[in-house]
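Below is one structure; the comments refer to it alone.
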Amino acid sequence: MRRIKAALFVASLGPLAYLIWLGFTGGLGADPVEFIRRSTGTWTLDFLIITLSMTPLRRMTGWHWLARLRRMFGLYAFFYAVIHVVTYLWLDQLFDLETIWRDVIKRPLIAAGFLSFVLMIPLAATSTDRMARRLGGKRWQQLHRAVYAVAIAGVIHFWWLVKLDYTRPLLYSMIFGCLLLARFVYRFRRNAPAIPTVQSAARMRDGRAGSV
Amino acid sequence: MLIRKPSDIEPSEITDRALYQNRRAFIKSAGAAALTAGLPGWFAAEAAIPGKIALPPIRKSAYSTNEPLNSLKDITGYINFYEFGTDKYSPAVLAKSLRTRPWTVRVSGEVKRPKTFEVDELIKLAPLEERTYRLRCVEAWSMVIPWIGYPIAELIKRLEPTGNAKYVEFTTLHDPDQMPGQRAFFGSLDWPYVEGLRMDEAMHPLAILGFGLYGEVLPNQNGAPVRVVVPWKYGFKSAKSIVGIRFVEKQPLNSWQKANSREYGFYSNVNPTVDHPRWSQATERRIGDFFKRKTLMFNGYAEQVAHLYAGMDLRKYY
């Protein structure tokens, strides 16, 4: 498990390493800033997909250790989002807070991306074991359901960015749609034998089986 | 992050400076490029220069800007040309399938002398000039490009439009066999691509028919063999690879307006004070720069063209 996690940790740095390598070999194309922004934006969505796949995958395969990768992938989504946002704040707006704020309130495109990013901040900040303990399992879990809002706002941001060719936003919407649908299916299939997680096992002990 | 290698050009080579500089940089990075394979179009762009069809002698023009030129690689590699795909790197690769000879341009509509021109006849119609223009894309990036062509007015004068000719409509080739982007069944424009200008706009000396760039014949991906270049309007107004010029009384419905009339109008003048509904037009990134710069009214050509729009509400006529 430890080794798998370490390997995945390194692999998740791959996109960044690739960008840096392309940067030094002149491979970022005519508009490197745009290239970096596009790729970090899609990697944010990709890591959100990976993060949200962990629970359905665990349910399907019964591999409980997948639950322990969820946090790492979620933090990688945040990591690529930070790079994405910094290119906008710095290279486009030169950290001019007034212009940035005007952009956010005036343009739904920016607002959706901004909302998605801002919602990620408390999730990243409370991702440690210590914060989870401090908040208590139930409240922590409630807070972290905001990840669904992060994903939805992120995909809307992608839709609004496109001029005409909606192929990729549509693809991402369908993937996120399936991942959300999976949650509803698990929620309403109460009779199905659920595979217990650490939390749900604890709940079952307390006689509160069958949620989420 | 983009590391530019220092130039090792002899002063004697200065005439073809940009071309050679580019080729050398290209050769140097070719090894690495082959490995990256991420942006084949951008690296392959240079190979797409035909250069076989010679252009008549070219004059300099007082309308040219002396701002630093974008590299041939960027100009021929980073392009919106939806007939060859919706991303900016694919036209350089996919436009190889375009056959630019034989090529005719049919002039029709409200003219006394309707005529179908062979493109080589069209090239020789008026003296060619080098026009180095700023190009501002509606997506908020820009370039400086040394076009070769002559004013559209030169052609219009010879055609003798009738009194009913209020607008000029330009039509791009529609041939899905040669233009893979036209085979897409989803997420693209209606074909053929149509653009238009008001008669006085088309007659303006800045508006040209383009036949070449950087001293050579237009590469396919840049709209070969003949295109429109209107430097004070967003790039999509400059139709590429045109096969039809029609003089009409009613304002043409241009392709982008047809696709989304709320976001794209007929005039589409570069205007930093009228934003695209979804993004700001106040600034732009000049390709090659890291930071954005301010966008100029009419793309910096206000002195020459502002009078065309005197008294018009440019928020309404975007």
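Chain labels run A, B, ... following the order of the structure tokens; each chain numbers its residues from 1, and ligands are numbered from 1 in the order shown.
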Give me the residues within 12 Å of Phe290 in chain B as a list in words, counting only C-alpha atoms and dropping any in the same chain fewer than 4 places off. Ala30, Asp31, Pro32, Val33, Glu34, Phe35, Ile36, Thr87, Tyr88, Trp90, Leu91, Asp92, Gln93 and Leu94 of chain A; Met1, Leu2, Trp141, Glu284, Arg285 and Arg286 of chain B
What are the residues of chain A lining chain B at 7 Å or less? Count only C-alpha atoms, and put the answer as a list in words. Gly23, Phe24, Thr25, Gly26, Gly27, Gly29, Ala30, Asp31, Val33, Leu91, Asp92, Arg107, Leu109, Leu164, Asp165, Tyr166 and Thr167 of chain A
Keeping only C-alpha atoms, write those residues as a short mmCIF file (atom, residue, chain, number, x, y, z; two decimals), in the first residue's frame.
```
data_model
loop_
_atom_site.label_atom_id
_atom_site.label_comp_id
_atom_site.auth_asym_id
_atom_site.auth_seq_id
_atom_site.Cartn_x
_atom_site.Cartn_y
_atom_site.Cartn_z
CA GLY A 23 9.15 24.83 -21.13
CA PHE A 24 12.87 24.19 -21.32
CA THR A 25 12.70 22.60 -24.75
CA GLY A 26 10.50 25.30 -26.26
CA GLY A 27 7.61 22.88 -26.56
CA GLY A 29 3.87 26.44 -28.42
CA ALA A 30 3.23 29.99 -29.53
CA ASP A 31 1.36 30.99 -26.38
CA VAL A 33 0.92 31.00 -20.84
CA LEU A 91 0.33 36.97 -15.88
CA ASP A 92 -3.08 38.27 -16.94
CA ARG A 107 -18.06 37.59 -15.86
CA LEU A 109 -16.89 32.48 -16.73
CA LEU A 164 -17.89 26.64 -30.28
CA ASP A 165 -16.44 23.16 -29.92
CA TYR A 166 -18.16 21.74 -26.83
CA THR A 167 -16.80 18.21 -27.23
#
```
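In the backbone-derived DSSP annotation, alpha helix (DSSP H) within range 56-216 of chain B comprises Leu72, Lys73, Asp74, Ile75, Thr76, Gly77, Ser90, Pro91, Ala92, Val93, Leu94, Val119, Asp120, Glu121, Leu122, Ile123, Ile152, Ala153, Glu154, Leu155, Ile156, Lys157, Arg158, Leu159, Met199, Asp200, Glu201 and Ala202 of chain B.
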Contacts of Ile152 in chain A within 8 Å, only C-alpha atoms, excl. fewer than 4 positions in-chain, as JSON, numbers by chain: {"A": [116, 148, 156, 176]}
For Glu249 in chain B, please output as a PDB file with N, CA, C and O atoms, in the first residue's frame all residues within 10 Å (counting only C-alpha atoms; exclusion window: fewer than 6 positions along the same chain).
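Listing of around-v8.pdb after writing:
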```pdb
ATOM      1  N   GLY B 109     -22.974  39.132 -58.137  1.00  0.00           N
ATOM      2  CA  GLY B 109     -23.854  40.074 -57.463  1.00  0.00           C
ATOM      3  C   GLY B 109     -23.940  41.396 -58.189  1.00  0.00           C
ATOM      4  O   GLY B 109     -23.894  41.453 -59.428  1.00  0.00           O
ATOM      5  N   GLU B 110     -24.027  42.453 -57.425  1.00  0.00           N
ATOM      6  CA  GLU B 110     -24.286  43.783 -57.958  1.00  0.00           C
ATOM      7  C   GLU B 110     -23.043  44.427 -58.579  1.00  0.00           C
ATOM      8  O   GLU B 110     -22.517  45.403 -58.055  1.00  0.00           O
ATOM      9  N   THR B 162     -22.576  48.153 -58.935  1.00  0.00           N
ATOM     10  CA  THR B 162     -23.743  48.996 -59.217  1.00  0.00           C
ATOM     11  C   THR B 162     -24.096  49.802 -57.963  1.00  0.00           C
ATOM     12  O   THR B 162     -23.524  49.590 -56.885  1.00  0.00           O
ATOM     13  N   GLY B 163     -25.073  50.671 -58.108  1.00  0.00           N
ATOM     14  CA  GLY B 163     -25.516  51.482 -56.976  1.00  0.00           C
ATOM     15  C   GLY B 163     -26.132  50.660 -55.849  1.00  0.00           C
ATOM     16  O   GLY B 163     -26.223  51.120 -54.709  1.00  0.00           O
ATOM     17  N   ASN B 164     -26.537  49.445 -56.157  1.00  0.00           N
ATOM     18  CA  ASN B 164     -27.141  48.595 -55.130  1.00  0.00           C
ATOM     19  C   ASN B 164     -26.105  47.875 -54.265  1.00  0.00           C
ATOM     20  O   ASN B 164     -26.471  47.224 -53.292  1.00  0.00           O
ATOM     21  N   ALA B 165     -24.856  47.950 -54.655  1.00  0.00           N
ATOM     22  CA  ALA B 165     -23.819  47.233 -53.909  1.00  0.00           C
ATOM     23  C   ALA B 165     -23.494  47.993 -52.627  1.00  0.00           C
ATOM     24  O   ALA B 165     -22.727  48.952 -52.632  1.00  0.00           O
ATOM     25  N   LYS B 166     -24.085  47.539 -51.518  1.00  0.00           N
ATOM     26  CA  LYS B 166     -23.848  48.210 -50.224  1.00  0.00           C
ATOM     27  C   LYS B 166     -22.845  47.429 -49.370  1.00  0.00           C
ATOM     28  O   LYS B 166     -22.235  47.975 -48.467  1.00  0.00           O
ATOM     29  N   TYR B 167     -22.747  46.146 -49.634  1.00  0.00           N
ATOM     30  CA  TYR B 167     -21.856  45.284 -48.853  1.00  0.00           C
ATOM     31  C   TYR B 167     -21.107  44.326 -49.785  1.00  0.00           C
ATOM     32  O   TYR B 167     -21.570  44.062 -50.895  1.00  0.00           O
ATOM     33  N   VAL B 168     -19.976  43.839 -49.274  1.00  0.00           N
ATOM     34  CA  VAL B 168     -19.247  42.804 -50.005  1.00  0.00           C
ATOM     35  C   VAL B 168     -19.215  41.555 -49.129  1.00  0.00           C
ATOM     36  O   VAL B 168     -18.894  41.628 -47.940  1.00  0.00           O
ATOM     37  N   ARG B 198     -18.850  46.286 -45.031  1.00  0.00           N
ATOM     38  CA  ARG B 198     -19.624  47.341 -45.659  1.00  0.00           C
ATOM     39  C   ARG B 198     -18.772  47.881 -46.805  1.00  0.00           C
ATOM     40  O   ARG B 198     -17.546  47.807 -46.754  1.00  0.00           O
ATOM     41  N   MET B 199     -19.432  48.427 -47.828  1.00  0.00           N
ATOM     42  CA  MET B 199     -18.695  48.852 -49.016  1.00  0.00           C
ATOM     43  C   MET B 199     -17.539  49.807 -48.680  1.00  0.00           C
ATOM     44  O   MET B 199     -16.420  49.645 -49.174  1.00  0.00           O
TER      45      MET B 199
END
```
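Counting only C-alpha atoms, the residue from A:Leu69, A:Arg58, A:Leu19, A:Leu45 that sits nearest to Lys5 in chain A is A:Leu69.
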From range 61-290 of chain B, collect each residue whose DSSP state is strand (DSSP E) and return the set as JSON, numbers by chain. {"B": [104, 105, 106, 107, 108, 109, 115, 116, 117, 118, 128, 129, 130, 131, 132, 133, 134, 135, 136, 141, 142, 143, 144, 145, 146, 147, 148, 149, 150, 151, 167, 168, 169, 170, 171, 172, 194, 195, 196, 197, 198, 208, 209, 210, 211, 212, 213, 216, 217, 227, 228, 229, 242, 243, 244, 245, 246, 247, 248, 283, 284, 285, 286]}
d(CA of Val305 in chain B, CA of Trp232 in chain B) in Å: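 A separation of 7.8 Å between them.
Remark: for Phe298 in chain B, the closest of the candidate residues B:Ile152, B:Val230, B:Ala239, B:Ala92 is B:Val230 (distances computed over only C-alpha atoms).
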Pick out the residues sitting within 9 Å of Val85 in chain A, and hand them over as an mmCIF file with N, CA and C atoms, in the first residue's frame; count only C-alpha atoms, and ignore anything fewer than 4 positions along from it in its own chain.
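Wrote around01.cif, looks like this:
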```cif
data_model
loop_
_atom_site.group_PDB
_atom_site.id
_atom_site.type_symbol
_atom_site.label_atom_id
_atom_site.label_comp_id
_atom_site.auth_asym_id
_atom_site.auth_seq_id
_atom_site.Cartn_x
_atom_site.Cartn_y
_atom_site.Cartn_z
ATOM 1 N N ARG A 37 -1.994 27.307 -18.782
ATOM 2 C CA ARG A 37 -3.308 27.501 -18.161
ATOM 3 C C ARG A 37 -4.279 26.394 -18.578
ATOM 4 N N GLY A 41 -5.632 23.600 -15.992
ATOM 5 C CA GLY A 41 -7.089 23.599 -15.806
ATOM 6 C C GLY A 41 -7.668 22.212 -16.015
ATOM 7 N N TYR A 80 -2.904 21.674 -8.819
ATOM 8 C CA TYR A 80 -2.953 22.134 -10.209
ATOM 9 C C TYR A 80 -3.876 23.340 -10.361
ATOM 10 N N ALA A 81 -4.910 23.405 -9.522
ATOM 11 C CA ALA A 81 -5.792 24.577 -9.550
ATOM 12 C C ALA A 81 -5.024 25.837 -9.137
ATOM 13 N N LEU A 89 -4.020 35.290 -12.163
ATOM 14 C CA LEU A 89 -3.851 36.436 -11.263
ATOM 15 C C LEU A 89 -2.591 37.224 -11.587
ATOM 16 N N TRP A 90 -1.534 36.481 -11.938
ATOM 17 C CA TRP A 90 -0.252 37.139 -12.121
ATOM 18 C C TRP A 90 -0.052 37.588 -13.579
ATOM 19 N N GLY A 113 -15.177 29.771 -12.168
ATOM 20 C CA GLY A 113 -13.845 29.256 -11.853
ATOM 21 C C GLY A 113 -13.405 29.694 -10.470
ATOM 22 N N PHE A 114 -13.698 30.952 -10.160
ATOM 23 C CA PHE A 114 -13.334 31.516 -8.859
ATOM 24 C C PHE A 114 -14.050 30.751 -7.736
ATOM 25 N N PHE A 117 -12.593 27.351 -7.233
ATOM 26 C CA PHE A 117 -11.296 27.402 -6.551
ATOM 27 C C PHE A 117 -11.453 27.750 -5.077
#
```
Within 6 Å of range 94-102 of chain B, counting only C-alpha atoms, which residues qualify if same-chain residues fewer than 3 places away don't, as a PDB file with N, CA and C atoms, in the first residue's frame?
```pdb
ATOM      1  N   PHE B  84      -9.962  23.508 -40.657  1.00  0.00           N
ATOM      2  CA  PHE B  84      -8.937  22.492 -40.396  1.00  0.00           C
ATOM      3  C   PHE B  84      -8.860  22.175 -38.909  1.00  0.00           C
ATOM      4  N   SER B  90      -3.820  22.559 -35.091  1.00  0.00           N
ATOM      5  CA  SER B  90      -4.112  21.564 -36.137  1.00  0.00           C
ATOM      6  C   SER B  90      -4.087  22.112 -37.571  1.00  0.00           C
ATOM      7  N   PRO B  91      -4.455  23.384 -37.827  1.00  0.00           N
ATOM      8  CA  PRO B  91      -4.411  23.816 -39.236  1.00  0.00           C
ATOM      9  C   PRO B  91      -3.036  23.621 -39.895  1.00  0.00           C
ATOM     10  N   GLN B 178     -11.157  18.193 -48.736  1.00  0.00           N
ATOM     11  CA  GLN B 178      -9.882  18.864 -48.488  1.00  0.00           C
ATOM     12  C   GLN B 178      -9.825  19.506 -47.111  1.00  0.00           C
ATOM     13  N   ASN B 220      -0.629  27.307 -46.793  1.00  0.00           N
ATOM     14  CA  ASN B 220      -2.026  26.858 -46.826  1.00  0.00           C
ATOM     15  C   ASN B 220      -2.792  27.236 -45.568  1.00  0.00           C
ATOM     16  N   GLN B 221      -2.156  26.990 -44.411  1.00  0.00           N
ATOM     17  CA  GLN B 221      -2.883  27.180 -43.154  1.00  0.00           C
ATOM     18  C   GLN B 221      -3.197  28.640 -42.867  1.00  0.00           C
ATOM     19  N   PRO B 225      -5.096  30.243 -51.393  1.00  0.00           N
ATOM     20  CA  PRO B 225      -4.105  31.118 -52.037  1.00  0.00           C
ATOM     21  C   PRO B 225      -4.454  32.607 -51.921  1.00  0.00           C
TER      22      PRO B 225
END
```
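From CA of His84 in chain A back to CA of Thr99 in chain A, the distance works out to 17.9 Å.
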Find, counting only C-alpha atoms, the residue in A:Met72, A:Ile83, A:Ile20, A:Met131 that gets nearest to Trp43 in chain A.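 Nearest to Trp43 in chain A: A:Ile83.
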Quick one: of A:Ile100, A:Ala149, A:Leu66, A:Val118, who's nearest to Ile4 in chain A, counting only C-alpha atoms?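 With only C-alpha atoms as the atom set, the closest residue is A:Leu66.
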